[in-house]
Amino acid sequence: MPARKNSLQTDQIRSAVDAVVAEVEVIESFGKVIDHIAELSDLQINRFGICVVTADGDVVTGGEADHPFPIQSISKVFALTMALEAHGDDVWKRVGREPSGDPFNSIIDLERMKGVPRNPFINAGALVVVDMLLDREKPRHEDVAAFLAEHIGSDEFDVDPEIFDKEAKGGYTNRALANLAKSFDNFHHEVDDVLKVYVRQCAIALTCRQLALAGRYLMLAPPGGRKKTSIEEAHRVRRINSLMLTCGQYDGAGDFAYRVGLPAKSGVGGGILAVVPHVASIAVWSPGLDDNGNSLLGTIALERLSERLGWSVFGNLPPKDV
Ligand SMILES: NC(=O)CC[C@H](N)C(=O)O
């Protein structure tokens, strides 16, 4: 669907977002807040926020779009982008591109794969990606926070100190994954150094509005439009989107592709970043998770929104009357 500067389209998005917010409000199955986040706060599980940023730059928000939450694994998309910018296809010598079929922190598969993680969005893969970011061939941005500040256009966000502390002190499974990768020579730096950077990027707290703004580069400028994208960047972004579609929701990626039909990445903080290529970047947040660690209400909201607006990478349909 080509993006048009067309207020009707933005009005339709506004109506669809309002309708989804109203529908989500009455759903009474919320999933479960991940233990260590639940321990740190008395976060109400039914909270919900959404933000859609269009290719034309319109911003449509609903619910608690300005409430910050830890982006957790959504940071893996930004770290991968930085690694691809710095190392190009060499990234794929150290991490695969296949869905894992195992939980995001599974250790079994890493042994089977001889230390080469199945993809960059499971924890083992993201740890190897961070290890690459610490290599001498430095990425353009100092870290994910700097990358985000540039893409959001503001550095008014924080690293959640409690989440950082909790995951830095614990994180035994992640440490085990990193050690196992190192035992297979797929880790160049000290495990503790990598862990610190990884945990820090997971603990970055963004609002839905900031996350959707950060994801704008993933929608790619519409072909023939005013904003030009280099061929190199266009290829990179398309490939990142393909990985988000196949691996972005862990074990739930197949179901998510069926229900929502968009490349997306979830985090255990309850956020999901979804992309409608050339059209929109969408962020949703609700802290209750399903069994795969994906936001339950967030997934339902994206399913309803894409249904209403006819959005899918498998073929767009005309928007429904909203
Ligand atoms: N799926 C996630 O969001 C996992 C991120 C979390 N910080 C971890 O390392 O386990």
# chains A, B, ... in the order shown; residues from 1 in each chain; ligands from 1
call {"tool": "residues_around", "arguments": {"residues": "A:Ala214", "least_positions_apart": "5", "cutoff": "10 Å", "atoms": "only C-alpha atoms", "output": "ChimeraX atom specification"}}
result
/A:53,78,147-154,206,208-209,273,281-283
call {"tool": "write_last_selection", "arguments": {"atoms": "N, CA and C atoms", "output": "PDB file, in the first residue's frame"}}
result
ATOM      1  N   VAL A  53       3.240   5.457  14.152  1.00  0.00           N
ATOM      2  CA  VAL A  53       3.874   6.562  13.426  1.00  0.00           C
ATOM      3  C   VAL A  53       3.845   6.205  11.947  1.00  0.00           C
ATOM      4  N   PHE A  78      17.805  -3.424  17.520  1.00  0.00           N
ATOM      5  CA  PHE A  78      18.683  -2.260  17.333  1.00  0.00           C
ATOM      6  C   PHE A  78      20.155  -2.697  17.382  1.00  0.00           C
ATOM      7  N   PHE A 147      22.184   4.801  19.631  1.00  0.00           N
ATOM      8  CA  PHE A 147      21.437   4.498  18.393  1.00  0.00           C
ATOM      9  C   PHE A 147      19.985   4.971  18.529  1.00  0.00           C
ATOM     10  N   LEU A 148      19.403   4.658  19.690  1.00  0.00           N
ATOM     11  CA  LEU A 148      18.003   5.046  19.922  1.00  0.00           C
ATOM     12  C   LEU A 148      17.851   6.562  19.965  1.00  0.00           C
ATOM     13  N   ALA A 149      18.768   7.228  20.653  1.00  0.00           N
ATOM     14  CA  ALA A 149      18.667   8.692  20.766  1.00  0.00           C
ATOM     15  C   ALA A 149      18.644   9.316  19.373  1.00  0.00           C
ATOM     16  N   GLU A 150      19.498   8.794  18.457  1.00  0.00           N
ATOM     17  CA  GLU A 150      19.501   9.362  17.106  1.00  0.00           C
ATOM     18  C   GLU A 150      18.182   9.084  16.383  1.00  0.00           C
ATOM     19  N   HIS A 151      17.698   7.862  16.492  1.00  0.00           N
ATOM     20  CA  HIS A 151      16.503   7.500  15.727  1.00  0.00           C
ATOM     21  C   HIS A 151      15.219   8.084  16.322  1.00  0.00           C
ATOM     22  N   ILE A 152      15.209   8.265  17.638  1.00  0.00           N
ATOM     23  CA  ILE A 152      14.025   8.887  18.251  1.00  0.00           C
ATOM     24  C   ILE A 152      14.080  10.402  18.034  1.00  0.00           C
ATOM     25  N   GLY A 153      15.315  10.921  18.011  1.00  0.00           N
ATOM     26  CA  GLY A 153      15.486  12.367  17.896  1.00  0.00           C
ATOM     27  C   GLY A 153      15.498  13.036  19.255  1.00  0.00           C
ATOM     28  N   SER A 154      15.779  12.270  20.289  1.00  0.00           N
ATOM     29  CA  SER A 154      15.824  12.814  21.652  1.00  0.00           C
ATOM     30  C   SER A 154      16.480  11.770  22.558  1.00  0.00           C
ATOM     31  N   LEU A 206      11.584   2.859  27.377  1.00  0.00           N
ATOM     32  CA  LEU A 206      11.001   3.772  26.381  1.00  0.00           C
ATOM     33  C   LEU A 206       9.487   3.761  26.509  1.00  0.00           C
ATOM     34  N   CYS A 208       5.768   3.927  24.359  1.00  0.00           N
ATOM     35  CA  CYS A 208       5.331   3.450  23.035  1.00  0.00           C
ATOM     36  C   CYS A 208       5.650   4.497  21.969  1.00  0.00           C
ATOM     37  N   ARG A 209       5.435   5.772  22.326  1.00  0.00           N
ATOM     38  CA  ARG A 209       5.691   6.838  21.355  1.00  0.00           C
ATOM     39  C   ARG A 209       7.171   6.815  20.937  1.00  0.00           C
ATOM     40  N   LEU A 273       7.298  -4.108  19.040  1.00  0.00           N
ATOM     41  CA  LEU A 273       7.484  -3.159  17.934  1.00  0.00           C
ATOM     42  C   LEU A 273       7.112  -3.890  16.649  1.00  0.00           C
ATOM     43  N   SER A 281       5.199   2.435  11.595  1.00  0.00           N
ATOM     44  CA  SER A 281       5.921   1.770  12.689  1.00  0.00           C
ATOM     45  C   SER A 281       4.970   1.812  13.883  1.00  0.00           C
ATOM     46  N   ILE A 282       4.761   0.658  14.520  1.00  0.00           N
ATOM     47  CA  ILE A 282       3.763   0.573  15.592  1.00  0.00           C
ATOM     48  C   ILE A 282       4.418   0.036  16.853  1.00  0.00           C
ATOM     49  N   ALA A 283       4.139   0.668  17.995  1.00  0.00           N
ATOM     50  CA  ALA A 283       4.590   0.106  19.271  1.00  0.00           C
ATOM     51  C   ALA A 283       3.377  -0.097  20.164  1.00  0.00           C
TER      52      ALA A 283
END
call {"tool": "select_by_dssp", "arguments": {"residues": "stretch 113-310 of chain A", "states": "strand (DSSP E or B)", "output": "list in words"}}
result
Asp158, Val159, Ile204, Ala205, Leu206, Ala264, Lys265, Ser266, Gly271, Ile272, Leu273, Ala274, Val275, Val276, Ala280, Ser281, Ile282, Ala283, Val284, Trp285, Leu289 and Ser295 of chain A
call {"tool": "select_by_dssp", "arguments": {"residues": "stretch 13-86 of chain A", "states": "alpha helix (DSSP H)", "output": "ChimeraX atom specification"}}
result
/A:13-25,35-40,75-86
call {"tool": "write_last_selection", "arguments": {"atoms": "N, CA and C atoms", "output": "tab-separated table (two decimals), in the first residue's frame"}}
result
chain	number	residue	atom	x	y	z
A	13	ILE	N	-6.65	5.58	10.81
A	13	ILE	CA	-5.77	5.00	11.81
A	13	ILE	C	-6.24	5.43	13.20
A	14	ARG	N	-6.58	6.70	13.34
A	14	ARG	CA	-7.08	7.23	14.63
A	14	ARG	C	-8.32	6.43	15.10
A	15	SER	N	-9.28	6.23	14.19
A	15	SER	CA	-10.49	5.50	14.57
A	15	SER	C	-10.15	4.06	14.93
A	16	ALA	N	-9.26	3.45	14.15
A	16	ALA	CA	-8.91	2.05	14.43
A	16	ALA	C	-8.20	1.94	15.77
A	17	VAL	N	-7.29	2.89	16.06
A	17	VAL	CA	-6.58	2.85	17.35
A	17	VAL	C	-7.58	3.03	18.49
A	18	ASP	N	-8.50	3.99	18.36
A	18	ASP	CA	-9.50	4.20	19.41
A	18	ASP	C	-10.33	2.94	19.63
A	19	ALA	N	-10.72	2.31	18.52
A	19	ALA	CA	-11.55	1.11	18.64
A	19	ALA	C	-10.77	-0.01	19.33
A	20	VAL	N	-9.50	-0.16	18.98
A	20	VAL	CA	-8.69	-1.22	19.60
A	20	VAL	C	-8.51	-0.95	21.09
A	21	VAL	N	-8.26	0.31	21.45
A	21	VAL	CA	-8.09	0.64	22.88
A	21	VAL	C	-9.37	0.28	23.64
A	22	ALA	N	-10.52	0.60	23.06
A	22	ALA	CA	-11.79	0.28	23.73
A	22	ALA	C	-11.99	-1.23	23.84
A	23	GLU	N	-11.59	-1.95	22.81
A	23	GLU	CA	-11.75	-3.41	22.85
A	23	GLU	C	-10.82	-4.05	23.87
A	24	VAL	N	-9.60	-3.56	23.92
A	24	VAL	CA	-8.62	-4.13	24.85
A	24	VAL	C	-9.06	-3.90	26.30
A	25	GLU	N	-9.70	-2.76	26.54
A	25	GLU	CA	-10.13	-2.43	27.91
A	25	GLU	C	-11.06	-3.48	28.52
A	35	ASP	N	8.41	-12.60	36.32
A	35	ASP	CA	8.65	-12.58	37.77
A	35	ASP	C	9.46	-11.39	38.25
A	36	HIS	N	10.64	-11.18	37.64
A	36	HIS	CA	11.52	-10.18	38.23
A	36	HIS	C	11.00	-8.77	38.03
A	37	ILE	N	10.15	-8.55	37.02
A	37	ILE	CA	9.54	-7.22	36.86
A	37	ILE	C	8.40	-7.09	37.88
A	38	ALA	N	7.63	-8.17	38.07
A	38	ALA	CA	6.54	-8.14	39.04
A	38	ALA	C	7.08	-7.87	40.44
A	39	GLU	N	8.23	-8.47	40.76
A	39	GLU	CA	8.83	-8.28	42.10
A	39	GLU	C	9.21	-6.83	42.35
A	40	LEU	N	9.53	-6.12	41.29
A	40	LEU	CA	10.04	-4.76	41.46
A	40	LEU	C	8.95	-3.70	41.57
A	75	SER	N	15.46	-4.53	22.18
A	75	SER	CA	16.79	-3.94	21.97
A	75	SER	C	17.62	-4.79	21.01
A	76	LYS	N	17.27	-6.09	20.89
A	76	LYS	CA	18.05	-6.99	20.03
A	76	LYS	C	17.97	-6.57	18.56
A	77	VAL	N	16.86	-5.95	18.19
A	77	VAL	CA	16.73	-5.48	16.80
A	77	VAL	C	17.71	-4.34	16.54
A	78	PHE	N	17.81	-3.42	17.52
A	78	PHE	CA	18.68	-2.26	17.33
A	78	PHE	C	20.15	-2.70	17.38
A	79	ALA	N	20.45	-3.65	18.28
A	79	ALA	CA	21.84	-4.14	18.37
A	79	ALA	C	22.22	-4.86	17.07
A	80	LEU	N	21.29	-5.65	16.53
A	80	LEU	CA	21.57	-6.33	15.26
A	80	LEU	C	21.81	-5.32	14.14
A	81	THR	N	20.99	-4.29	14.11
A	81	THR	CA	21.17	-3.26	13.07
A	81	THR	C	22.58	-2.67	13.16
A	82	MET	N	22.99	-2.37	14.38
A	82	MET	CA	24.33	-1.80	14.58
A	82	MET	C	25.41	-2.79	14.14
A	83	ALA	N	25.23	-4.06	14.48
A	83	ALA	CA	26.24	-5.07	14.11
A	83	ALA	C	26.31	-5.23	12.60
A	84	LEU	N	25.15	-5.20	11.93
A	84	LEU	CA	25.15	-5.33	10.46
A	84	LEU	C	25.79	-4.10	9.81
A	85	GLU	N	25.55	-2.92	10.41
A	85	GLU	CA	26.18	-1.71	9.88
A	85	GLU	C	27.70	-1.81	10.00
A	86	ALA	N	28.16	-2.38	11.11
A	86	ALA	CA	29.62	-2.43	11.35
A	86	ALA	C	30.29	-3.61	10.65
call {"tool": "closest_residue", "arguments": {"among": "A:Glu111, A:Asp192, A:Ile71, A:Thr229", "to": "A:Val159", "atoms": "only C-alpha atoms"}}
result
A:Ile71
call {"tool": "closest_residue", "arguments": {"among": "A:Ala280, A:Val260, A:Leu110, A:Ala253", "to": "A:Asn179", "atoms": "only C-alpha atoms"}}
result
A:Leu110
call {"tool": "residues_near_ligand", "arguments": {"ligand": "ligand 1", "cutoff": "7 Å", "atoms": "only C-alpha atoms and all ligand atoms", "output": "PyMOL selection string"}}
result
chain A and resi 72-74+104-105+123+167+171+174+199+202+266-269+293
call {"tool": "write_last_selection", "arguments": {"atoms": "C-alpha atoms", "output": "compact mmCIF listing (two decimals), in the first residue's frame"}}
result
# COMPACT_ATOMS: atom_id res chain seq x y z
CA GLN A 72 14.10 -5.84 26.94
CA SER A 73 14.49 -8.05 23.86
CA ILE A 74 13.28 -5.37 21.47
CA PHE A 104 14.25 -17.53 24.07
CA ASN A 105 16.75 -18.47 26.77
CA ASN A 123 19.28 -14.57 24.08
CA GLU A 167 19.42 -8.69 35.70
CA GLY A 171 21.16 -13.49 34.77
CA ASN A 174 22.46 -15.69 30.18
CA VAL A 199 21.67 -6.12 30.37
CA CYS A 202 17.52 -4.60 27.81
CA SER A 266 8.61 -8.54 21.47
CA GLY A 267 10.27 -8.06 24.85
CA VAL A 268 9.44 -9.50 28.27
CA GLY A 269 8.76 -5.95 29.48
CA GLY A 293 7.00 -14.39 26.71
call {"tool": "residues_around", "arguments": {"residues": "stretch 94-101 of chain A", "least_positions_apart": "4", "cutoff": "6 Å", "atoms": "only C-alpha atoms", "output": "MDAnalysis selection string"}}
result
chainID A and resid 116:119 246:247 251
call {"tool": "write_last_selection", "arguments": {"atoms": "N, CA and C atoms", "output": "compact mmCIF listing (two decimals), in the first residue's frame"}}
result
# COMPACT_ATOMS: atom_id res chain seq x y z
N VAL A 116 26.98 -21.75 17.85
CA VAL A 116 26.48 -20.73 16.90
C VAL A 116 24.96 -20.61 17.10
N PRO A 117 24.53 -19.52 17.76
CA PRO A 117 23.10 -19.41 18.08
C PRO A 117 22.24 -19.43 16.83
N ARG A 118 21.06 -19.98 16.98
CA ARG A 118 20.13 -20.18 15.86
C ARG A 118 19.75 -18.86 15.17
N ASN A 119 19.59 -17.80 15.96
CA ASN A 119 19.25 -16.49 15.35
C ASN A 119 19.61 -15.36 16.31
N THR A 246 10.21 -14.04 11.18
CA THR A 246 10.39 -15.48 11.43
C THR A 246 10.87 -15.79 12.84
N CYS A 247 11.53 -14.84 13.49
CA CYS A 247 12.15 -15.15 14.78
C CYS A 247 11.78 -14.16 15.89
N ASP A 251 9.03 -18.81 20.06
CA ASP A 251 8.19 -19.95 19.73
C ASP A 251 6.81 -19.56 19.22
call {"tool": "atom_distance", "arguments": {"atom1": "atom CA of A:Cys51", "atom2": "atom CA of A:Arg226"}}
result
23.7 Å
call {"tool": "residues_around", "arguments": {"residues": "A:Gly270", "least_positions_apart": "4", "cutoff": "9 Å", "atoms": "only C-alpha atoms", "output": "list in words"}}
result
Val33, Ile34, Phe69, Pro70, Ile71, Gln72, Ser266, Val284, Trp285, Ser286, Pro287, Gly288, Leu289, Gly293, Asn294, Ser295, Leu296, Leu297 and Gly298 of chain A
call {"tool": "write_last_selection", "arguments": {"atoms": "C-alpha atoms", "output": "mmCIF file, in the first residue's frame"}}
result
data_model
loop_
_atom_site.group_PDB
_atom_site.id
_atom_site.type_symbol
_atom_site.label_atom_id
_atom_site.label_comp_id
_atom_site.auth_asym_id
_atom_site.auth_seq_id
_atom_site.Cartn_x
_atom_site.Cartn_y
_atom_site.Cartn_z
ATOM 1 C CA VAL A 33 4.021 -10.232 34.311
ATOM 2 C CA ILE A 34 7.517 -11.741 34.234
ATOM 3 C CA PHE A 69 8.671 0.313 30.126
ATOM 4 C CA PRO A 70 11.896 -1.704 29.711
ATOM 5 C CA ILE A 71 12.290 -2.605 26.057
ATOM 6 C CA GLN A 72 14.105 -5.842 26.941
ATOM 7 C CA SER A 266 8.612 -8.544 21.466
ATOM 8 C CA VAL A 284 2.273 -1.505 21.806
ATOM 9 C CA TRP A 285 2.765 -2.199 25.501
ATOM 10 C CA SER A 286 0.947 -4.302 28.050
ATOM 11 C CA PRO A 287 2.977 -6.107 30.706
ATOM 12 C CA GLY A 288 1.077 -9.430 30.898
ATOM 13 C CA LEU A 289 2.840 -12.115 28.833
ATOM 14 C CA GLY A 293 7.000 -14.388 26.714
ATOM 15 C CA ASN A 294 5.077 -12.149 24.292
ATOM 16 C CA SER A 295 2.621 -9.483 25.456
ATOM 17 C CA LEU A 296 -0.819 -11.046 25.427
ATOM 18 C CA LEU A 297 -2.908 -7.887 25.093
ATOM 19 C CA GLY A 298 -0.255 -6.325 22.869
#
call {"tool": "residues_around", "arguments": {"residues": "A:Pro103", "least_positions_apart": "4", "cutoff": "8 Å", "atoms": "only C-alpha atoms", "output": "short mmCIF file (atom, residue, chain, number, x, y, z; two decimals) with C-alpha atoms, in the first residue's frame"}}
result
data_model
loop_
_atom_site.label_atom_id
_atom_site.label_comp_id
_atom_site.auth_asym_id
_atom_site.auth_seq_id
_atom_site.Cartn_x
_atom_site.Cartn_y
_atom_site.Cartn_z
CA ILE A 122 17.17 -15.47 21.07
CA TYR A 250 10.35 -16.85 19.62
CA ASP A 251 8.19 -19.95 19.73
CA ASN A 292 6.12 -17.65 24.95
#
call {"tool": "closest_residue", "arguments": {"among": "A:Leu220, A:Ala124, A:Ala146, A:Leu262", "to": "A:Thr54", "atoms": "only C-alpha atoms"}}
result
A:Leu220
